[in-house]
Amino acid sequence: MAAPARTASDAPALRASGLSRRFGARVALRDVGFAVSPGELVAVIGPNGAGKTTLLSILAGIQSPDAGAVERPSGGVGWVPQQPALYSKLSVAENLRLFARLERVADPEAAVERMLAQADLADRARDEVGRLSGGNRQRVNIAIGLLADPAVLLLDEPSTALDPRQRERLWDFVGGLTGRGTGIVYSTHIVQEAERYADRVLVLADGELIFTGTPRELEAESGASGVDFEAAFVRFLHERGH
Amino acid sequence: MRWLLLKDLQILRRSPLLVGLLVVYPVAIAVLIGVALSRSPEKPKVAFVNQVPPAASTFKLGGQEIDASKYAERLFESVEPVRVGTREQAIEKVRDGEALGALIVPPDITEKLGTGLQSAEVEVIYNNEDPVKGRYVEQIINSRLADANAALADKLREIAVQDIHLLLDGGELSLFGRTYDILGLRRTERILQDALRTLPADSPERERLRQVERFASLAVANLNLATDVVGTVSQPVRVKRTPLQGKRTPLDSFAVAIAVTVSLMFVTVLLASGMLALEREEHAFSRLVRGLVSRMGLLAEKVGLAALCAWVVALAMTCGIGLFVSLDWSRFGLWLVALAFAAAGFGALGVAIGGLAREVRAASLLAFLLSLPIAFLALVPSGAVSGGVYDVVRVVSALFPFKPALDAMDSALNDTGQSLLGPLAHLTALTAAFMVVARLALRRFG
Ligand SMILES: Nc1ncnc2c1ncn2[C@@H]1O[C@H](COP(=O)(O)OP(=O)(O)O)[C@@H](O)[C@H]1O
Ligand SMILES: [Mg+2]
């Protein structure tokens, strides 16, 4: 089943408004709102504990917000948790097939074939997931999130555990998805990654959305030269009291 | 080194479940083993009916007066007698569980003991609640009775020895209110020798010969008594056992029920808890419950999987045992039903453990630590511990599936005369309860 080409339009694929979430006295998310267009690549950056995972889980429907609402596309959203959620004793194809069936995909076998090709894992189809490298495992993890061909894919720190070469391949793969109209939201704490691979950057600090804009705009706002994005980002957070 | 130690202590302090288990487990096991070894922290109560009229409590044997009540006391050395007037009252006490058993001494006991020939018989009544308990009562009664028998036998043997001495060396014997001077074989021999040496033809010796003749006849009579006494001394008192209504499962078949239930428990609990914890360990849980399966559906799947596997294993095991132990194969349908309900109960317990432990290893450990004492507790017979403790044991056993599963298996395997429906209803309720516990545990699972 080929994905129908989605054209960028004004209608957002996903919209969140006024999201808040607290754990006891700790506020993990405070009044966060934004929208994602089809084919758009959105990076959520922020230091550890900023609330990135909480935000993505709420968008994915795993957690409910204490306040606010999420409008999801009719086809649902794909979810790729930070830790590969795979059965290590099953092969790549078996994992894909299992989740395709659980997702009630119309033609599970076709979906498996499609994802094996798309994730460039056809030659590893029969290998146990437990024996794969971290990069390959992460691609299986993402492929499972894509099985139901969602309009929006959410990835929580997809590259954190990968080496630079694996990271390169990952972003090639993800870039191909946006080209086909899938809206993507991913979190990262690696600032250069957001700079290179994002149409738009959301900066989250202590649960607050303190910036929304392109990487260039963030650079301009933080007053950094293009060379040292990381230092500029730290200064940017510092200036805002984080 | 010091810092490592400090770090580990800190980790332990932050693992209250683990530390709690480490503390509670040995204490619980020690208490259980202590109870098992001492068997009874206080003397078990035994209802006692003495039907012997007070005047007839002694009997005579070999010219000696023996007080039967002195020997009856032996029976009470390690039990606490609850004296009641009639056999009916005694049965009542046993039925109510006030007494572990009842001992009934019939009116004719001294008469029979007095013959030195017949064994006397006492009656023991017990509530055959389960074969383990039945075995326990029997052990107590048997050991007490063996003591009393040994004491009586000693006395009888003493009498026999005296009789034999009398035969050899002579002495005084009182019989029927008269005292006879008994010559003794040795003296007889001398007299006969003297008589033979000095015997003149006519008869002033006739009186002495008559003495020899009397001795001979008495000696024969006493010798008879002595041998009879020696013949019956091994067991002067025998026991007639009267189990009250209740199950009549022979211990062998009960052992089959225990073996199958224990295996079923371990396979199901370990599998269900481990497979549920694995979902979390593989990080698949959050992905699954995102609309792919409901949390309750996930639990039901784990229970079903574990129960099905264990059901097959336990059924195969039962059939295997059936090749060696005679089982009633016509009850096969009941085996299937009992095993299925028991497996569901253990499966629900398993997912509750898996949900609470959250990691496969912790889940397996918890499953073992919990299952063993529960099985152990369920096998503690009533009356073996004090009433208060037994009530606690009963309540704890009722809160976990082992006891009802064992009852169900026992009813299914053996014609216990008890309905299978009670244990099945109990198992169903526990299955539902542990599913709820597991569902609550899943709240902090993701
Ligand atoms: N289940 C939870 N219980 C309590 N606190 C939580 C829970 N999940 C997250 N938090 C807290 O919420 C804040 C945001 O966490 P998270 O969204 O995981 O941050 P990030 O993914 O950006 O590192 C942190 O302070 C974290 O400690
Ligand atoms: Mg996170």
# chains A, B, ... in the order shown; residues from 1 in each chain; ligands from 1
call {"tool": "residues_around", "arguments": {"residues": "Pro107 of chain B", "least_positions_apart": "5", "cutoff": "9 Å", "atoms": "only C-alpha atoms", "output": "list in words"}}
result
Asn50, Gln51, Val52, Pro53 and Ala56 of chain B
call {"tool": "interface_residues", "arguments": {"of": "chain A", "to": "chain B", "cutoff": "8 Å", "atoms": "only C-alpha atoms", "output": "VMD selection string"}}
result
chain A and resid 60 to 62 79 81 83 to 88 102 to 103
call {"tool": "closest_atom_pairs", "arguments": {"of": "chain A", "to": "ligand 1", "cutoff": "7 Å", "atoms": "only C-alpha atoms and all ligand atoms", "output": "CSV"}}
result
residue,atom,partner,partner_atom_place_in_ligand_line,distance
A:Phe23,CA,ligand 1,4 (C),4.8
A:Arg26,CA,ligand 1,25 (O),6.8
A:Val27,CA,ligand 1,12 (O),6.8
A:Ala28,CA,ligand 1,12 (O),4.2
A:Gly46,CA,ligand 1,22 (O),6.4
A:Pro47,CA,ligand 1,22 (O),6.3
A:Asn48,CA,ligand 1,23 (O),3.7
A:Gly49,CA,ligand 1,19 (O),3.5
A:Ala50,CA,ligand 1,22 (O),3.8
A:Gly51,CA,ligand 1,17 (O),3.2
A:Lys52,CA,ligand 1,22 (O),3.7
A:Thr53,CA,ligand 1,21 (O),3.6
A:Thr54,CA,ligand 1,17 (O),3.7
A:Leu55,CA,ligand 1,17 (O),6.4
A:Gly207,CA,ligand 1,14 (C),6.9
call {"tool": "residues_around", "arguments": {"residues": "segment 234-236 of chain A", "least_positions_apart": "6", "cutoff": "12 Å", "atoms": "only C-alpha atoms", "output": "PyMOL selection string"}}
result
chain A and resi 45-47+189-191+203-205+210-211+218-224+228+242
call {"tool": "write_last_selection", "arguments": {"atoms": "N, CA and C atoms", "output": "PDB file, in the first residue's frame"}}
result
ATOM      1  N   ILE A  45      13.724  20.934  21.141  1.00  0.00           N
ATOM      2  CA  ILE A  45      14.996  20.824  21.852  1.00  0.00           C
ATOM      3  C   ILE A  45      14.871  21.406  23.249  1.00  0.00           C
ATOM      4  N   GLY A  46      15.722  20.913  24.102  1.00  0.00           N
ATOM      5  CA  GLY A  46      15.720  21.366  25.480  1.00  0.00           C
ATOM      6  C   GLY A  46      16.591  20.452  26.294  1.00  0.00           C
ATOM      7  N   PRO A  47      17.076  20.955  27.421  1.00  0.00           N
ATOM      8  CA  PRO A  47      17.930  20.116  28.269  1.00  0.00           C
ATOM      9  C   PRO A  47      17.144  18.941  28.855  1.00  0.00           C
ATOM     10  N   HIS A 189      18.341  16.548  22.509  1.00  0.00           N
ATOM     11  CA  HIS A 189      19.033  17.544  23.317  1.00  0.00           C
ATOM     12  C   HIS A 189      20.335  17.960  22.619  1.00  0.00           C
ATOM     13  N   ILE A 190      20.513  17.448  21.367  1.00  0.00           N
ATOM     14  CA  ILE A 190      21.702  17.811  20.600  1.00  0.00           C
ATOM     15  C   ILE A 190      21.327  18.984  19.692  1.00  0.00           C
ATOM     16  N   VAL A 191      21.866  20.123  20.042  1.00  0.00           N
ATOM     17  CA  VAL A 191      21.424  21.345  19.382  1.00  0.00           C
ATOM     18  C   VAL A 191      21.789  21.367  17.898  1.00  0.00           C
ATOM     19  N   VAL A 203      11.769  25.351  21.418  1.00  0.00           N
ATOM     20  CA  VAL A 203      12.675  25.239  22.564  1.00  0.00           C
ATOM     21  C   VAL A 203      11.836  25.103  23.829  1.00  0.00           C
ATOM     22  N   LEU A 204      12.099  24.019  24.542  1.00  0.00           N
ATOM     23  CA  LEU A 204      11.361  23.716  25.765  1.00  0.00           C
ATOM     24  C   LEU A 204      12.346  23.817  26.930  1.00  0.00           C
ATOM     25  N   ALA A 205      11.974  24.565  27.956  1.00  0.00           N
ATOM     26  CA  ALA A 205      12.819  24.638  29.149  1.00  0.00           C
ATOM     27  C   ALA A 205      11.914  24.662  30.367  1.00  0.00           C
ATOM     28  N   ILE A 210       9.681  28.245  25.158  1.00  0.00           N
ATOM     29  CA  ILE A 210      10.210  29.616  25.211  1.00  0.00           C
ATOM     30  C   ILE A 210      10.591  30.156  23.845  1.00  0.00           C
ATOM     31  N   PHE A 211      10.538  29.298  22.815  1.00  0.00           N
ATOM     32  CA  PHE A 211      10.848  29.799  21.471  1.00  0.00           C
ATOM     33  C   PHE A 211      10.227  28.890  20.425  1.00  0.00           C
ATOM     34  N   LEU A 218      16.264  31.207  15.525  1.00  0.00           N
ATOM     35  CA  LEU A 218      16.786  30.946  16.869  1.00  0.00           C
ATOM     36  C   LEU A 218      18.190  31.527  17.008  1.00  0.00           C
ATOM     37  N   GLU A 219      18.970  31.323  15.942  1.00  0.00           N
ATOM     38  CA  GLU A 219      20.330  31.839  15.911  1.00  0.00           C
ATOM     39  C   GLU A 219      20.324  33.359  16.067  1.00  0.00           C
ATOM     40  N   ALA A 220      19.427  33.972  15.317  1.00  0.00           N
ATOM     41  CA  ALA A 220      19.351  35.431  15.345  1.00  0.00           C
ATOM     42  C   ALA A 220      18.906  35.913  16.731  1.00  0.00           C
ATOM     43  N   GLU A 221      17.916  35.232  17.250  1.00  0.00           N
ATOM     44  CA  GLU A 221      17.361  35.615  18.553  1.00  0.00           C
ATOM     45  C   GLU A 221      18.411  35.518  19.647  1.00  0.00           C
ATOM     46  N   SER A 222      19.199  34.455  19.557  1.00  0.00           N
ATOM     47  CA  SER A 222      20.193  34.251  20.608  1.00  0.00           C
ATOM     48  C   SER A 222      21.453  35.054  20.327  1.00  0.00           C
ATOM     49  N   GLY A 223      21.509  35.690  19.177  1.00  0.00           N
ATOM     50  CA  GLY A 223      22.621  36.577  18.862  1.00  0.00           C
ATOM     51  C   GLY A 223      23.934  35.868  18.623  1.00  0.00           C
ATOM     52  N   ALA A 224      23.854  34.611  18.206  1.00  0.00           N
ATOM     53  CA  ALA A 224      25.092  33.875  17.970  1.00  0.00           C
ATOM     54  C   ALA A 224      25.474  33.939  16.502  1.00  0.00           C
ATOM     55  N   ASP A 228      28.887  28.688  16.294  1.00  0.00           N
ATOM     56  CA  ASP A 228      28.719  27.954  17.553  1.00  0.00           C
ATOM     57  C   ASP A 228      27.283  28.008  18.058  1.00  0.00           C
ATOM     58  N   HIS A 242      16.937  30.056  32.627  1.00  0.00           N
ATOM     59  CA  HIS A 242      16.911  28.593  32.754  1.00  0.00           C
ATOM     60  C   HIS A 242      18.313  28.020  32.874  1.00  0.00           C
TER      61      HIS A 242
END
call {"tool": "select_by_dssp", "arguments": {"residues": "segment 25-235 of chain A", "states": "strand (DSSP E)", "output": "MDAnalysis selection string"}}
result
chainID A and resid 26:36 41:45 67:71 77:80 152:155 183:188 200:205 208:213
call {"tool": "select_by_dssp", "arguments": {"residues": "segment 13-133 of chain A", "states": "alpha helix (DSSP H)", "output": "number ranges by chain"}}
result
A: 52-60, 92-102, 108-118
call {"tool": "atom_distance", "arguments": {"atom1": "atom CA of Glu217 of chain A", "atom2": "atom CA of Ala198 of chain A"}}
result
12.1 Å
call {"tool": "closest_residue", "arguments": {"among": "A:Ala11, A:Val174, A:Val36, A:Leu155", "to": "ligand 2", "atoms": "only C-alpha atoms and all ligand atoms"}}
result
A:Leu155
call {"tool": "residues_around", "arguments": {"residues": "Ala110 of chain A", "least_positions_apart": "4", "cutoff": "12 Å", "atoms": "only C-alpha atoms", "output": "VMD selection string"}}
result
chain A and resid 1 to 2 93 96 to 97 100 to 101 105 to 106 114 to 117 147 to 148
call {"tool": "write_last_selection", "arguments": {"atoms": "N, CA, C and O atoms", "output": "tab-separated table (two decimals), in the first residue's frame"}}
result
chain	number	residue	atom	x	y	z
A	1	MET	N	0.86	-1.19	0.00
A	1	MET	CA	0.00	0.00	0.00
A	1	MET	C	0.89	1.23	0.00
A	1	MET	O	1.56	1.53	0.97
A	2	ALA	N	0.92	1.93	-1.07
A	2	ALA	CA	1.76	3.12	-1.17
A	2	ALA	C	1.09	4.28	-0.44
A	2	ALA	O	-0.13	4.41	-0.43
A	93	ALA	N	11.43	-9.09	10.73
A	93	ALA	CA	10.16	-9.26	10.01
A	93	ALA	C	9.04	-9.67	10.97
A	93	ALA	O	7.91	-9.19	10.84
A	96	LEU	N	7.83	-6.64	12.84
A	96	LEU	CA	7.02	-5.80	11.96
A	96	LEU	C	5.64	-6.42	11.74
A	96	LEU	O	4.61	-5.75	11.80
A	97	ARG	N	5.65	-7.73	11.50
A	97	ARG	CA	4.39	-8.42	11.20
A	97	ARG	C	3.46	-8.36	12.41
A	97	ARG	O	2.27	-8.07	12.29
A	100	ALA	N	2.08	-4.89	12.72
A	100	ALA	CA	1.17	-4.62	11.60
A	100	ALA	C	-0.20	-5.25	11.88
A	100	ALA	O	-1.25	-4.65	11.63
A	101	ARG	N	-0.16	-6.46	12.44
A	101	ARG	CA	-1.44	-7.13	12.75
A	101	ARG	C	-2.15	-6.43	13.89
A	101	ARG	O	-3.36	-6.23	13.85
A	105	VAL	N	-3.51	-3.29	10.15
A	105	VAL	CA	-3.20	-2.82	8.81
A	105	VAL	C	-3.88	-3.75	7.81
A	105	VAL	O	-3.95	-4.96	8.04
A	106	ALA	N	-4.42	-3.15	6.72
A	106	ALA	CA	-5.22	-3.94	5.79
A	106	ALA	C	-4.45	-5.16	5.26
A	106	ALA	O	-4.97	-6.26	5.26
A	114	ARG	N	7.02	-3.31	2.63
A	114	ARG	CA	7.22	-1.89	2.37
A	114	ARG	C	8.19	-1.30	3.39
A	114	ARG	O	9.13	-0.59	3.04
A	115	MET	N	7.99	-1.64	4.68
A	115	MET	CA	8.83	-1.06	5.72
A	115	MET	C	10.25	-1.62	5.66
A	115	MET	O	11.21	-0.90	5.91
A	116	LEU	N	10.38	-2.90	5.29
A	116	LEU	CA	11.72	-3.47	5.16
A	116	LEU	C	12.50	-2.73	4.08
A	116	LEU	O	13.67	-2.40	4.25
A	117	ALA	N	11.80	-2.43	2.98
A	117	ALA	CA	12.45	-1.72	1.89
A	117	ALA	C	12.77	-0.29	2.29
A	117	ALA	O	13.90	0.19	2.13
A	147	LEU	N	4.17	1.78	10.39
A	147	LEU	CA	3.42	0.68	9.78
A	147	LEU	C	2.02	1.10	9.34
A	147	LEU	O	1.56	0.73	8.27
A	148	ALA	N	1.36	1.88	10.20
A	148	ALA	CA	-0.03	2.24	9.90
A	148	ALA	C	-0.09	3.45	8.97
A	148	ALA	O	-1.17	4.02	8.77
call {"tool": "residues_around", "arguments": {"residues": "segment 342-357 of chain B", "least_positions_apart": "4", "cutoff": "6 Å", "atoms": "only C-alpha atoms", "output": "ChimeraX atom specification"}}
result
/B:265,268-269,272-273,276-277,303,307,362-363,401,405,427,431,434-435,437-438,441-442
call {"tool": "write_last_selection", "arguments": {"atoms": "all heavy atoms", "output": "compact mmCIF listing (two decimals), in the first residue's frame"}}
result
# COMPACT_ATOMS: atom_id res chain seq x y z
N MET B 265 1.03 -24.47 39.85
CA MET B 265 1.24 -23.13 40.43
C MET B 265 2.54 -22.52 39.91
O MET B 265 2.53 -21.39 39.41
CB MET B 265 1.30 -23.23 41.95
CG MET B 265 1.71 -21.94 42.63
SD MET B 265 1.68 -22.07 44.42
CE MET B 265 3.08 -23.15 44.70
N THR B 268 2.46 -21.69 36.05
CA THR B 268 1.57 -20.59 35.70
C THR B 268 2.07 -19.26 36.25
O THR B 268 2.12 -18.27 35.53
CB THR B 268 0.14 -20.84 36.23
OG1 THR B 268 -0.15 -22.22 36.16
CG2 THR B 268 -0.87 -20.07 35.44
N VAL B 269 2.40 -19.25 37.53
CA VAL B 269 2.79 -17.99 38.16
C VAL B 269 4.06 -17.44 37.54
O VAL B 269 4.16 -16.25 37.20
CB VAL B 269 2.96 -18.18 39.69
CG1 VAL B 269 3.55 -16.93 40.32
CG2 VAL B 269 1.62 -18.50 40.33
N ALA B 272 3.25 -16.29 33.80
CA ALA B 272 2.41 -15.09 33.70
C ALA B 272 3.18 -13.86 34.18
O ALA B 272 3.17 -12.81 33.53
CB ALA B 272 1.13 -15.27 34.52
N SER B 273 3.86 -13.98 35.33
CA SER B 273 4.56 -12.82 35.86
C SER B 273 5.73 -12.44 34.95
O SER B 273 5.93 -11.26 34.65
CB SER B 273 5.05 -13.10 37.28
OG SER B 273 5.99 -14.16 37.27
N LEU B 276 4.55 -10.86 31.54
CA LEU B 276 4.04 -9.50 31.68
C LEU B 276 5.20 -8.52 31.92
O LEU B 276 5.28 -7.47 31.29
CB LEU B 276 3.03 -9.41 32.83
CG LEU B 276 2.43 -8.02 33.01
CD1 LEU B 276 1.59 -7.63 31.81
CD2 LEU B 276 1.58 -7.94 34.28
N ALA B 277 6.10 -8.91 32.82
CA ALA B 277 7.24 -8.03 33.11
C ALA B 277 8.10 -7.83 31.86
O ALA B 277 8.68 -6.76 31.65
CB ALA B 277 8.07 -8.61 34.25
N VAL B 303 -2.60 -14.13 31.22
CA VAL B 303 -3.21 -15.16 32.05
C VAL B 303 -3.56 -16.37 31.18
O VAL B 303 -3.27 -17.52 31.53
CB VAL B 303 -4.47 -14.63 32.78
CG1 VAL B 303 -5.20 -15.77 33.49
CG2 VAL B 303 -4.08 -13.55 33.78
N ALA B 307 -1.87 -19.90 31.65
CA ALA B 307 -2.80 -20.93 32.11
C ALA B 307 -2.85 -22.08 31.10
O ALA B 307 -2.85 -23.25 31.49
CB ALA B 307 -4.19 -20.33 32.31
N ALA B 362 12.98 -9.81 38.95
CA ALA B 362 12.29 -9.51 40.21
C ALA B 362 10.99 -10.29 40.26
O ALA B 362 10.59 -10.81 41.30
CB ALA B 362 12.04 -8.02 40.32
N ALA B 363 10.32 -10.38 39.11
CA ALA B 363 9.04 -11.09 39.07
C ALA B 363 9.22 -12.57 39.39
O ALA B 363 8.45 -13.15 40.16
CB ALA B 363 8.39 -10.92 37.70
N PRO B 401 -4.61 -18.57 45.61
CA PRO B 401 -5.30 -19.66 44.91
C PRO B 401 -4.83 -21.07 45.26
O PRO B 401 -5.46 -22.01 44.82
CB PRO B 401 -5.03 -19.36 43.43
CG PRO B 401 -4.21 -18.14 43.35
CD PRO B 401 -3.79 -17.74 44.72
N ALA B 405 -7.22 -24.34 44.86
CA ALA B 405 -6.78 -25.16 43.73
C ALA B 405 -6.54 -26.59 44.18
O ALA B 405 -6.91 -27.55 43.50
CB ALA B 405 -5.51 -24.57 43.11
N LEU B 427 -11.95 -20.02 43.37
CA LEU B 427 -10.90 -19.71 42.40
C LEU B 427 -11.33 -18.57 41.47
O LEU B 427 -10.54 -17.70 41.13
CB LEU B 427 -10.56 -20.96 41.59
CG LEU B 427 -9.66 -21.97 42.29
CD1 LEU B 427 -9.60 -23.28 41.52
CD2 LEU B 427 -8.25 -21.40 42.47
N THR B 431 -9.41 -15.14 40.99
CA THR B 431 -8.95 -14.74 39.67
C THR B 431 -9.35 -13.28 39.41
O THR B 431 -8.52 -12.46 39.00
CB THR B 431 -9.57 -15.64 38.58
OG1 THR B 431 -9.26 -17.00 38.89
CG2 THR B 431 -9.02 -15.30 37.20
N PHE B 434 -7.30 -10.84 41.71
CA PHE B 434 -5.90 -10.62 41.33
C PHE B 434 -5.79 -9.88 40.00
O PHE B 434 -4.82 -9.17 39.76
CB PHE B 434 -5.12 -11.93 41.31
CG PHE B 434 -4.68 -12.35 42.68
CD1 PHE B 434 -5.25 -13.43 43.32
CD2 PHE B 434 -3.70 -11.62 43.36
CE1 PHE B 434 -4.86 -13.79 44.60
CE2 PHE B 434 -3.31 -11.97 44.63
CZ PHE B 434 -3.89 -13.05 45.25
N MET B 435 -6.81 -10.04 39.13
CA MET B 435 -6.82 -9.24 37.90
C MET B 435 -6.93 -7.77 38.26
O MET B 435 -6.28 -6.91 37.65
CB MET B 435 -7.99 -9.65 37.00
CG MET B 435 -7.85 -11.01 36.35
SD MET B 435 -6.46 -11.12 35.22
CE MET B 435 -7.27 -10.70 33.69
N VAL B 437 -5.93 -6.37 41.07
CA VAL B 437 -4.63 -5.97 41.63
C VAL B 437 -3.64 -5.70 40.50
O VAL B 437 -2.93 -4.69 40.49
CB VAL B 437 -4.07 -7.07 42.56
CG1 VAL B 437 -2.64 -6.75 42.99
CG2 VAL B 437 -4.96 -7.23 43.79
N ALA B 438 -3.61 -6.61 39.51
CA ALA B 438 -2.68 -6.46 38.40
C ALA B 438 -2.99 -5.19 37.60
O ALA B 438 -2.09 -4.43 37.23
CB ALA B 438 -2.77 -7.68 37.49
N ALA B 441 -1.72 -2.32 39.40
CA ALA B 441 -0.25 -2.28 39.33
C ALA B 441 0.21 -1.70 37.99
O ALA B 441 1.25 -1.04 37.91
CB ALA B 441 0.32 -3.69 39.53
N LEU B 442 -0.57 -1.92 36.93
CA LEU B 442 -0.18 -1.43 35.60
C LEU B 442 -0.18 0.10 35.52
O LEU B 442 0.40 0.67 34.60
CB LEU B 442 -1.12 -1.98 34.52
CG LEU B 442 -0.92 -3.44 34.12
CD1 LEU B 442 -1.69 -3.73 32.84
CD2 LEU B 442 0.55 -3.76 33.93
call {"tool": "residues_around", "arguments": {"residues": "segment 177-188 of chain A", "least_positions_apart": "6", "cutoff": "9 Å", "atoms": "only C-alpha atoms", "output": "PyMOL selection string"}}
result
chain A and resi 3-8+13-14+36-47+52-53+56+149-160+194
call {"tool": "atom_distance", "arguments": {"atom1": "atom CA of Leu170 of chain A", "atom2": "atom CA of Leu121 of chain A"}}
result
12.4 Å
call {"tool": "atom_distance", "arguments": {"atom1": "atom CA of Val313 of chain B", "atom2": "atom CA of Leu377 of chain B"}}
result
24.3 Å
call {"tool": "closest_residue", "arguments": {"among": "B:Val24, B:Leu379, B:Leu185, B:Val124", "to": "His165 of chain B", "atoms": "only C-alpha atoms"}}
result
B:Leu185
